>>> print(open('entry.txt').read())   # compact mmCIF, C-alpha atoms and all ligand atoms
# COMPACT_ATOMS: atom_id res chain seq x y z
CA MET S 1 40.45 58.70 6.52
CA LYS S 2 42.80 61.09 8.35
CA ARG S 3 46.45 60.48 7.54
CA VAL S 4 48.93 61.53 10.21
CA ARG S 5 52.65 61.44 9.43
CA LEU S 6 54.79 60.64 12.45
CA SER S 7 58.49 60.76 13.32
CA ILE S 8 59.78 58.91 16.40
CA VAL S 9 63.00 60.19 17.95
CA GLY S 10 64.43 57.73 20.49
CA PHE S 11 63.88 54.15 19.36
CA GLY S 12 64.52 52.21 22.58
CA VAL S 13 61.98 50.53 24.84
CA VAL S 14 59.32 53.24 24.52
CA GLY S 15 59.85 54.29 20.89
CA GLN S 16 59.66 50.65 19.84
CA GLY S 17 56.63 50.12 22.09
CA LEU S 18 54.79 52.90 20.26
CA ALA S 19 55.79 51.49 16.86
CA GLU S 20 54.61 48.03 17.89
CA LEU S 21 51.23 49.40 18.98
CA LEU S 22 50.82 51.38 15.74
CA HIS S 23 51.39 48.19 13.79
CA ALA S 24 49.23 45.94 16.00
CA LYS S 25 46.37 48.46 16.25
CA ARG S 26 46.29 49.60 12.61
CA GLU S 27 42.79 48.20 12.05
CA LEU S 28 41.45 49.54 15.35
CA LEU S 29 42.78 53.04 14.54
CA GLN S 30 41.10 52.94 11.13
CA ARG S 31 37.81 51.55 12.44
CA ASP S 32 37.42 53.66 15.60
CA PHE S 33 39.16 56.89 14.65
CA SER S 34 39.35 56.85 10.81
CA LEU S 35 43.04 57.29 11.40
CA GLU S 36 46.00 56.09 9.41
CA VAL S 37 49.37 56.76 11.02
CA VAL S 38 52.30 56.73 8.61
CA LEU S 39 55.67 56.39 10.34
CA VAL S 40 57.97 58.48 8.15
CA GLY S 41 60.99 59.17 10.41
CA VAL S 42 62.85 57.23 13.11
CA SER S 43 66.00 58.07 15.02
CA ASN S 44 68.29 56.64 17.67
CA SER S 45 71.67 57.86 18.87
CA ARG S 46 73.74 55.16 17.17
CA HIS S 47 72.31 55.32 13.66
CA GLY S 48 71.09 58.89 13.26
CA PHE S 49 67.78 59.73 11.59
CA ILE S 50 66.16 57.76 8.78
CA TYR S 51 63.24 58.95 6.67
CA ARG S 52 60.99 57.56 3.98
CA GLU S 53 58.36 59.82 2.46
CA GLU S 54 55.98 56.90 1.69
CA GLY S 55 56.37 55.41 5.18
CA LEU S 56 58.81 53.05 6.91
CA ASP S 57 58.00 49.37 7.44
CA ILE S 58 57.45 48.87 11.18
CA PRO S 59 58.20 45.10 11.37
CA THR S 60 61.49 45.71 9.53
CA LEU S 61 62.42 48.48 11.98
CA LEU S 62 61.51 46.36 15.01
CA ASP S 63 63.55 43.43 13.69
CA LEU S 64 66.55 45.68 13.10
CA ALA S 65 66.25 47.22 16.58
CA ALA S 66 65.81 43.83 18.27
CA SER S 67 69.00 42.52 16.63
CA ARG S 68 70.79 45.86 17.30
CA GLN S 69 71.50 46.25 13.59
CA PRO S 70 71.67 49.73 12.04
CA LEU S 71 68.23 51.18 11.30
CA THR S 72 69.87 52.47 8.10
CA LEU S 73 69.56 48.91 6.70
CA HIS S 74 65.87 49.68 6.08
CA PRO S 75 65.49 49.82 2.29
CA ASP S 76 64.83 52.98 0.31
CA ILE S 77 65.55 55.61 2.92
CA GLN S 78 67.13 59.02 3.24
CA GLN S 79 69.42 59.43 6.25
CA TRP S 80 71.00 62.10 8.45
CA SER S 81 73.66 61.64 11.09
CA SER S 82 71.57 63.11 13.94
CA ALA S 83 67.95 63.48 14.96
CA LEU S 84 68.24 67.25 14.94
CA GLU S 85 69.49 67.36 11.34
CA GLY S 86 66.81 64.89 10.28
CA LEU S 87 64.04 66.84 12.00
CA ARG S 88 65.18 70.08 10.40
CA ALA S 89 65.37 68.55 6.92
CA THR S 90 62.13 66.55 6.84
CA THR S 91 58.43 67.06 7.44
CA ALA S 92 55.91 65.21 9.59
CA ASP S 93 52.72 66.19 11.40
CA VAL S 94 53.80 64.82 14.80
CA LEU S 95 57.06 64.18 16.65
CA ALA S 96 57.09 61.44 19.31
CA GLU S 97 60.03 62.22 21.62
CA ALA S 98 61.40 59.22 23.54
CA THR S 99 65.08 59.91 24.14
CA TRP S 100 66.72 59.72 27.57
CA THR S 101 65.43 61.86 30.39
CA ASN S 102 68.04 64.38 31.54
CA LEU S 103 67.16 66.53 34.53
CA ARG S 104 70.20 68.82 34.24
CA ASP S 105 69.42 70.60 30.95
CA ALA S 106 66.72 68.35 29.38
CA GLU S 107 68.89 67.67 26.32
CA PRO S 108 68.78 66.21 23.72
CA GLY S 109 64.99 66.07 24.01
CA LEU S 110 64.56 69.80 24.59
CA SER S 111 66.18 70.72 21.27
CA HIS S 112 64.20 68.04 19.43
CA ILE S 113 60.93 69.36 20.83
CA ARG S 114 61.78 73.03 20.25
CA THR S 115 62.77 72.26 16.65
CA ALA S 116 59.58 70.32 15.95
CA LEU S 117 57.24 72.89 17.54
CA THR S 118 58.95 75.73 15.71
CA LYS S 119 58.45 73.85 12.43
CA GLY S 120 54.72 73.58 13.19
CA MET S 121 54.78 69.91 14.24
CA HIS S 122 52.66 68.64 17.12
CA VAL S 123 54.71 66.92 19.83
CA ILE S 124 53.97 63.95 22.08
CA SER S 125 56.68 63.09 24.59
CA ALA S 126 57.57 60.35 27.07
CA ASN S 127 60.77 62.21 27.93
CA LYS S 128 60.39 63.79 31.36
CA GLY S 129 63.34 66.22 31.15
CA PRO S 130 61.77 68.84 28.85
CA ALA S 131 58.40 68.47 30.59
CA ALA S 132 59.91 68.87 34.06
CA LEU S 133 62.27 71.76 33.32
CA SER S 134 60.60 73.67 30.48
CA ALA S 135 56.86 72.91 30.41
CA ASN S 136 55.88 76.60 30.36
CA GLU S 137 58.34 77.62 27.66
CA LEU S 138 57.36 74.67 25.45
CA SER S 139 53.62 75.18 25.96
CA ALA S 140 54.03 78.82 24.94
CA LEU S 141 56.05 77.78 21.88
CA ALA S 142 53.36 75.26 20.91
CA GLN S 143 50.67 77.90 21.27
CA GLN S 144 52.68 80.40 19.24
CA HIS S 145 52.92 77.89 16.38
CA GLY S 146 49.32 76.68 16.64
CA VAL S 147 50.23 73.09 17.54
CA GLN S 148 49.74 70.78 20.51
CA LEU S 149 52.26 69.52 23.06
CA ARG S 150 50.97 66.46 24.93
CA LEU S 151 52.83 64.74 27.76
CA GLU S 152 50.60 61.91 29.00
CA ALA S 153 53.37 59.29 28.90
CA THR S 154 55.65 61.28 31.21
CA VAL S 155 53.67 60.49 34.39
CA MET S 156 52.56 56.91 35.10
CA ALA S 157 53.23 55.74 31.52
CA GLY S 158 49.90 55.18 29.70
CA THR S 159 47.76 55.40 32.83
CA PRO S 160 45.69 58.51 32.11
CA ILE S 161 46.70 61.11 34.67
CA LEU S 162 47.23 64.32 32.71
CA SER S 163 44.24 63.92 30.38
CA THR S 164 42.06 63.06 33.38
CA VAL S 165 43.13 66.24 35.14
CA ARG S 166 42.73 68.35 31.99
CA GLU S 167 39.39 66.95 30.84
CA GLY S 168 37.68 64.69 33.40
CA MET S 169 38.57 66.90 36.38
CA ALA S 170 38.17 70.27 34.66
CA GLY S 171 36.82 72.80 37.17
CA VAL S 172 37.88 70.79 40.20
CA ASN S 173 40.10 72.53 42.76
CA ILE S 174 42.92 70.07 43.43
CA LYS S 175 44.42 70.85 46.83
CA SER S 176 47.07 68.17 47.04
CA VAL S 177 48.27 64.97 45.39
CA ARG S 178 50.05 62.00 46.86
CA GLY S 179 51.17 58.86 45.10
CA ILE S 180 53.57 56.20 43.91
CA LEU S 181 55.07 57.44 40.66
CA ASN S 182 57.96 55.11 39.87
CA GLY S 183 57.51 51.58 38.55
CA THR S 184 61.08 50.42 39.11
CA THR S 185 61.28 51.29 42.81
CA ASN S 186 57.80 49.96 43.55
CA TYR S 187 58.77 46.74 41.79
CA ILE S 188 61.93 46.54 43.91
CA LEU S 189 60.24 47.36 47.24
CA THR S 190 57.46 44.83 46.54
CA ALA S 191 59.96 42.09 45.70
CA MET S 192 62.15 42.93 48.73
CA ALA S 193 59.08 42.63 50.97
CA ARG S 194 58.81 39.08 49.60
CA GLY S 195 62.38 38.42 50.68
CA ARG S 196 64.23 39.05 47.42
CA ASP S 197 67.59 40.75 46.99
CA TYR S 198 67.81 44.44 45.94
CA ALA S 199 70.49 44.06 43.25
CA GLU S 200 68.85 41.02 41.65
CA VAL S 201 65.44 42.72 41.44
CA LEU S 202 66.86 45.98 40.10
CA SER S 203 68.52 44.05 37.31
CA GLU S 204 65.18 42.29 36.60
CA ALA S 205 63.41 45.69 36.41
CA GLN S 206 66.07 46.86 33.94
CA GLY S 207 65.54 43.75 31.83
CA LEU S 208 61.80 44.42 31.77
CA GLY S 209 62.40 47.94 30.40
CA TYR S 210 61.12 49.73 33.52
CA ALA S 211 64.32 51.43 34.66
CA GLU S 212 65.90 54.61 33.32
CA ALA S 213 69.07 54.30 31.20
CA ASP S 214 70.92 55.19 34.43
CA PRO S 215 68.83 53.51 37.16
CA THR S 216 70.28 55.87 39.76
CA ALA S 217 67.51 58.18 38.56
CA ASP S 218 64.95 55.65 39.77
CA VAL S 219 66.46 54.45 43.03
CA GLU S 220 67.66 57.86 44.23
CA GLY S 221 64.26 59.43 43.55
CA TYR S 222 65.25 61.81 40.71
CA ASP S 223 62.71 60.25 38.33
CA VAL S 224 59.92 60.89 40.85
CA VAL S 225 61.23 64.43 41.32
CA ALA S 226 60.83 64.93 37.54
CA LYS S 227 57.25 63.64 37.66
CA THR S 228 56.52 65.82 40.68
CA LEU S 229 57.72 68.89 38.76
CA ILE S 230 55.49 67.92 35.83
CA LEU S 231 52.48 67.59 38.14
CA ALA S 232 53.33 70.91 39.80
CA ALA S 233 53.29 72.61 36.38
CA LEU S 234 50.35 70.81 34.77
CA VAL S 235 48.06 70.21 37.77
CA PHE S 236 48.82 73.28 39.90
CA GLY S 237 50.17 75.69 37.23
CA GLN S 238 53.33 76.26 39.29
CA SER S 239 56.84 76.02 38.00
CA LEU S 240 59.19 74.40 40.55
CA LYS S 241 62.90 73.68 40.27
CA PRO S 242 64.33 70.23 41.13
CA GLU S 243 66.03 71.72 44.25
CA GLN S 244 62.61 72.75 45.56
CA VAL S 245 61.58 69.12 45.91
CA SER S 246 62.79 67.46 49.10
CA ARG S 247 64.16 64.12 47.86
CA GLN S 248 65.12 60.81 49.39
CA GLY S 249 65.43 57.59 47.36
CA ILE S 250 65.24 53.93 48.38
CA THR S 251 68.92 52.97 48.40
CA ALA S 252 69.22 53.24 52.17
CA ILE S 253 66.20 50.99 52.76
CA THR S 254 67.24 47.55 53.99
CA ARG S 255 65.39 44.25 53.86
CA GLU S 256 65.38 44.35 57.67
CA GLN S 257 63.55 47.69 57.66
CA ILE S 258 61.01 46.31 55.20
CA GLN S 259 60.50 43.23 57.37
CA GLN S 260 60.21 45.35 60.51
CA ALA S 261 57.58 47.50 58.77
CA ALA S 262 55.67 44.33 57.78
CA HIS S 263 55.84 43.18 61.38
CA GLU S 264 54.16 46.47 62.38
CA GLY S 265 51.45 46.04 59.70
CA LYS S 266 53.07 48.54 57.33
CA ARG S 267 54.58 48.65 53.84
CA ILE S 268 57.41 50.95 52.77
CA LYS S 269 56.59 52.87 49.57
CA LEU S 270 58.37 55.69 47.74
CA ILE S 271 55.80 58.46 48.06
CA ALA S 272 55.59 61.71 46.11
CA SER S 273 53.45 64.50 47.50
CA LEU S 274 52.53 68.00 46.45
CA SER S 275 50.35 70.19 48.59
CA ARG S 276 49.43 73.84 48.82
CA THR S 277 50.86 75.42 51.95
CA ALA S 278 47.70 77.52 52.44
CA ASP S 279 44.09 77.24 51.32
CA THR S 280 44.36 79.68 48.40
CA LEU S 281 44.78 78.86 44.70
CA ASN S 282 48.17 80.57 44.41
CA ALA S 283 49.68 79.36 47.68
CA PRO S 284 53.21 77.96 47.23
CA LEU S 285 53.55 74.20 46.97
CA GLU S 286 55.38 71.88 49.29
CA ALA S 287 56.91 69.02 47.28
CA ARG S 288 58.40 65.85 48.75
CA VAL S 289 59.70 62.49 47.52
CA GLU S 290 60.49 60.02 50.29
CA PRO S 291 60.08 56.43 51.44
CA ILE S 292 57.25 56.14 53.97
CA ALA S 293 56.05 53.13 55.97
CA LEU S 294 52.32 53.20 55.19
CA PRO S 295 49.71 51.37 57.26
CA ILE S 296 48.50 48.35 55.31
CA ASP S 297 44.98 49.81 54.97
CA ASP S 298 46.29 52.90 53.15
CA ALA S 299 45.19 52.54 49.49
CA LEU S 300 48.76 53.22 48.35
CA ALA S 301 50.11 50.36 50.47
CA GLN S 302 48.09 47.98 48.27
CA VAL S 303 49.79 49.13 45.06
CA ASN S 304 52.42 46.55 44.16
CA GLY S 305 55.01 45.71 41.54
CA VAL S 306 55.23 48.03 38.55
CA MET S 307 51.79 49.47 39.34
CA ASN S 308 51.63 53.13 40.38
CA ALA S 309 48.80 55.21 41.85
CA LEU S 310 48.01 58.85 42.44
CA THR S 311 45.40 60.26 44.80
CA PHE S 312 44.00 63.75 44.19
CA HIS S 313 42.52 65.55 47.19
CA THR S 314 39.96 67.98 45.83
CA ASP S 315 37.04 70.22 46.75
CA SER S 316 34.11 68.87 44.76
CA LEU S 317 35.20 65.24 44.28
CA SER S 318 36.65 64.61 47.73
CA SER S 319 39.48 62.22 46.85
CA VAL S 320 40.05 60.46 43.55
CA THR S 321 42.67 57.72 43.10
CA ILE S 322 43.93 56.54 39.74
CA SER S 323 45.99 53.38 39.62
CA GLY S 324 47.69 51.60 36.74
CA PRO S 325 51.02 50.61 35.24
CA GLY S 326 53.81 53.14 35.83
CA ALA S 327 56.35 51.86 33.32
CA GLY S 328 56.88 49.39 30.50
CA ARG S 329 57.25 49.11 26.73
CA LEU S 330 53.62 48.88 25.58
CA GLU S 331 52.27 50.63 28.69
CA THR S 332 54.27 53.77 27.89
CA GLY S 333 53.77 53.38 24.14
CA GLN S 334 50.04 53.53 24.95
CA GLY S 335 50.49 56.92 26.64
CA LEU S 336 52.02 58.25 23.43
CA LEU S 337 49.35 56.58 21.32
CA SER S 338 46.48 58.16 23.26
CA ASP S 339 48.09 61.58 22.81
CA LEU S 340 48.53 60.92 19.10
CA ILE S 341 44.85 60.01 18.76
CA ALA S 342 43.86 63.14 20.72
CA ILE S 343 45.90 65.27 18.32
CA ALA S 344 44.41 63.56 15.27
CA ARG S 345 40.91 64.19 16.65
CA ASN S 346 41.57 67.93 16.95
CA HIS S 347 43.75 68.20 13.85
N1 LIG S 401 60.73 52.79 30.01
C1 LIG S 401 59.63 53.24 30.58
O1 LIG S 401 58.83 52.47 31.14
C2 LIG S 401 59.31 54.69 30.54
C3 LIG S 401 60.19 55.61 30.01
N2 LIG S 401 59.87 56.95 29.96
C4 LIG S 401 60.78 57.88 29.35
O2 LIG S 401 60.80 57.63 27.95
C5 LIG S 401 62.10 57.92 27.41
C6 LIG S 401 62.63 56.68 26.70
O3 LIG S 401 62.75 55.65 27.63
P1 LIG S 401 63.25 54.21 27.18
O4 LIG S 401 62.72 53.91 25.83
O5 LIG S 401 62.95 53.30 28.31
O6 LIG S 401 64.81 54.44 27.09
P2 LIG S 401 65.87 53.65 26.21
O7 LIG S 401 67.18 53.89 26.83
O8 LIG S 401 65.41 52.27 25.95
O9 LIG S 401 65.79 54.43 24.80
C7 LIG S 401 66.28 55.71 24.63
C8 LIG S 401 66.44 55.93 23.15
O10 LIG S 401 66.86 57.27 22.92
C9 LIG S 401 67.86 57.22 21.91
N3 LIG S 401 68.62 58.46 21.95
C10 LIG S 401 69.39 58.97 22.95
N4 LIG S 401 69.92 60.13 22.58
C11 LIG S 401 69.49 60.38 21.32
C12 LIG S 401 69.70 61.42 20.39
N5 LIG S 401 70.48 62.46 20.66
N6 LIG S 401 69.10 61.32 19.17
C13 LIG S 401 68.33 60.26 18.87
N7 LIG S 401 68.08 59.25 19.71
C14 LIG S 401 68.66 59.31 20.93
C15 LIG S 401 68.65 55.96 22.23
O11 LIG S 401 69.46 55.58 21.12
P3 LIG S 401 70.25 54.17 21.07
O12 LIG S 401 69.18 53.13 20.84
O13 LIG S 401 71.13 54.31 19.90
O14 LIG S 401 70.96 54.01 22.38
C16 LIG S 401 67.49 55.01 22.50
O15 LIG S 401 66.97 54.51 21.29
C17 LIG S 401 62.97 58.33 28.60
O16 LIG S 401 63.00 59.74 28.65
C18 LIG S 401 62.23 57.77 29.81
O17 LIG S 401 62.45 58.53 30.97
C19 LIG S 401 58.66 57.41 30.41
C20 LIG S 401 57.74 56.55 30.94
C21 LIG S 401 58.03 55.13 31.12
N1 LIG S 402 61.91 54.47 35.12
C1 LIG S 402 60.58 54.90 35.20
C2 LIG S 402 59.92 54.75 33.86
C3 LIG S 402 58.67 55.48 33.75
O1 LIG S 402 58.57 56.67 33.93
C4 LIG S 402 59.83 54.10 36.23
O2 LIG S 402 60.35 53.06 36.65
O3 LIG S 402 58.73 54.52 36.63
>>> encode(input="entry.txt", output="structure tokens", more="lines below")
Ligand SMILES: NC(=O)C1=CN([C@@H]2O[C@H](COP(=O)(O)OP(=O)(O)OC[C@H]3O[C@@H](n4cnc5c(N)ncnc54)[C@H](OP(=O)(O)O)[C@@H]3O)[C@@H](O)[C@H]2O)C=CC1
Ligand SMILES: N[C@@H](CC=O)C(=O)O
Amino acid sequence: MKRVRLSIVGFGVVGQGLAELLHAKRELLQRDFSLEVVLVGVSNSRHGFIYREEGLDIPTLLDLAASRQPLTLHPDIQQWSSALEGLRATTADVLAEATWTNLRDAEPGLSHIRTALTKGMHVISANKGPAALSANELSALAQQHGVQLRLEATVMAGTPILSTVREGMAGVNIKSVRGILNGTTNYILTAMARGRDYAEVLSEAQGLGYAEADPTADVEGYDVVAKTLILAALVFGQSLKPEQVSRQGITAITREQIQQAAHEGKRIKLIASLSRTADTLNAPLEARVEPIALPIDDALAQVNGVMNALTFHTDSLSSVTISGPGAGRLETGQGLLSDLIAIARNH
């Protein structure tokens, strides 16, 4: 049996989703992967970092988090006042990073990830800030320290986009991608097309754990910009800055416009696209995030609610579309879990 010791930094919707899956799938992990995951460290911003060498009890942690009690009430722990101090002082094989996405300087996630990689820990992250702004630097740091950095959960939650590109589509020349990459806005646009009110549906998406801590990131398109930057780096090997992505969110879209589009046989979707500006491998990319009224027979027009989809236009596979959940507690936890299993397999 392989034993992997894990610390989770950021114990909100996603961090808890991963913990819940680790608990619920304990038997499956042992049976199918001979893998035992021991959760040794957990951190949030209110209660700092807690650690237990022999492993923390997941149901106890989930109960404490659900009742918003201090995680430090877990018995028999060591504690530090911040994640950074805790990460520096303790050891684990893998860090799962699930703190807030910040597209200005990627903190606090960037420092957490740098610290872990430098200590020789593998890193799995749902946090889009470090992936969007510093993918190259962090990949180089991981390589330097002989560890893996895996980012599946950053784009379309647990729907396998990055591993599909890396493994299943290895050798394919991807010329452009186009897709729906934000669960919250697709949920809102779908509900508005059914006559519901913007503010009410946004608040529902927040309650379901789909939205960012500041939902402006979703509705103004910044979250999709982050995912577009990640795809630019990991699919096309090009490092773009947020200002290089032309961005328009959904806040100016009215119910009348949605109804008018429906009348014309169209659906308004927030579409991300990345395409090479010439037919050579190193041609610069054009990157856009914008609402588009798609004809109803466009595959992306059929993607509703929290579902997302991404179409790859390629040389040898023509076009390939992957569709699945784009947000959610267990859906994103699954993205982290699949990366954790991949690391354990190669460990
Ligand atoms: N929700 C989703 O469906 C998806 C989310 N993501 C990304 O995953 C990450 C987490 O999202 P989500 O769980 O929804 O967000 P939440 O707001 O629910 O959770 C964020 C967590 O980070 C903690 N945190 C913030 N700053 C620090 C810090 N300095 N040290 C330790 N902990 C800190 C918060 O602490 P506290 O609890 O004390 O406030 C909270 O526990 C984000 O980057 C998001 O963009 C990616 C894909 C899908
Ligand atoms: N807020 C994001 C969460 C996942 O990345 C979304 O709604 O897609």
>>> residues_near_ligand(input="entry.txt", ligand="ligand LIG 401 (chain S)", cutoff="6 Å", atoms="only C-alpha atoms and all ligand atoms", output="PyMOL selection string")
chain S and resi 9-15+43-46+83+98-101+108+126-128+153-154+157+209-210+212-213+327-329+332
>>> atom_distance(input="entry.txt", atom1="CA of Val303 (chain S)", atom2="CA of Leu151 (chain S)")
23.5 Å
>>> closest_residue(input="entry.txt", among="S:Ser273, S:Val306, S:Ala116, S:Ala106", to="Gln206 (chain S)", atoms="only C-alpha atoms")
S:Val306
>>> axis_aligned_box(input="entry.txt", around="ligand LIG 402 (chain S)", padding_each_side="4 Å", output="AutoDock Vina command-line options")
--center_x 60.2 --center_y 54.9 --center_z 35.2 --size_x 11.3 --size_y 11.6 --size_z 10.9
>>> residues_around(input="entry.txt", residues="Trp80 (chain S)", least_positions_apart="6", cutoff="7 Å", atoms="only C-alpha atoms", output="NGL selection string")
:S and (48-50 or 86)
>>> write_last_selection(input="entry.txt", atoms="C-alpha atoms", output="PDB file, keeping the file's coordinate frame")
ATOM      1  CA  GLY S  48      71.090  58.890  13.260  1.00  0.00           C
ATOM      2  CA  PHE S  49      67.780  59.730  11.590  1.00  0.00           C
ATOM      3  CA  ILE S  50      66.160  57.760   8.780  1.00  0.00           C
ATOM      4  CA  GLY S  86      66.810  64.890  10.280  1.00  0.00           C
TER       5      GLY S  86
END
>>> atom_distance(input="entry.txt", atom1="CA of Ala199 (chain S)", atom2="CA of Asn186 (chain S)")
14.0 Å
>>> atom_distance(input="entry.txt", atom1="CA of Arg178 (chain S)", atom2="CA of Leu18 (chain S)")
28.5 Å
>>> closest_residue(input="entry.txt", among="S:Gln248, S:Thr228, S:Ser34, S:Thr314", to="ligand LIG 402 (chain S)", atoms="all atoms listed in the file")
S:Thr228
>>> closest_residue(input="entry.txt", among="S:Val40, S:Leu21, S:Ala309, S:Ala142", to="Ile124 (chain S)", atoms="all atoms listed in the file")
S:Ala142
>>> residues_around(input="entry.txt", residues="Ala132 (chain S)", least_positions_apart="3", cutoff="8 Å", atoms="all atoms listed in the file", output="JSON list (two decimals) with C-alpha atoms, keeping the file's coordinate frame")
[["chain", "number", "residue", "atom", "x", "y", "z"],
["S", 103, "LEU", "CA", 67.16, 66.53, 34.53],
["S", 128, "LYS", "CA", 60.39, 63.79, 31.36],
["S", 129, "GLY", "CA", 63.34, 66.22, 31.15],
["S", 135, "ALA", "CA", 56.86, 72.91, 30.41],
["S", 226, "ALA", "CA", 60.83, 64.93, 37.54],
["S", 227, "LYS", "CA", 57.25, 63.64, 37.66],
["S", 229, "LEU", "CA", 57.72, 68.89, 38.76],
["S", 230, "ILE", "CA", 55.49, 67.92, 35.83],
["S", 233, "ALA", "CA", 53.29, 72.61, 36.38]]
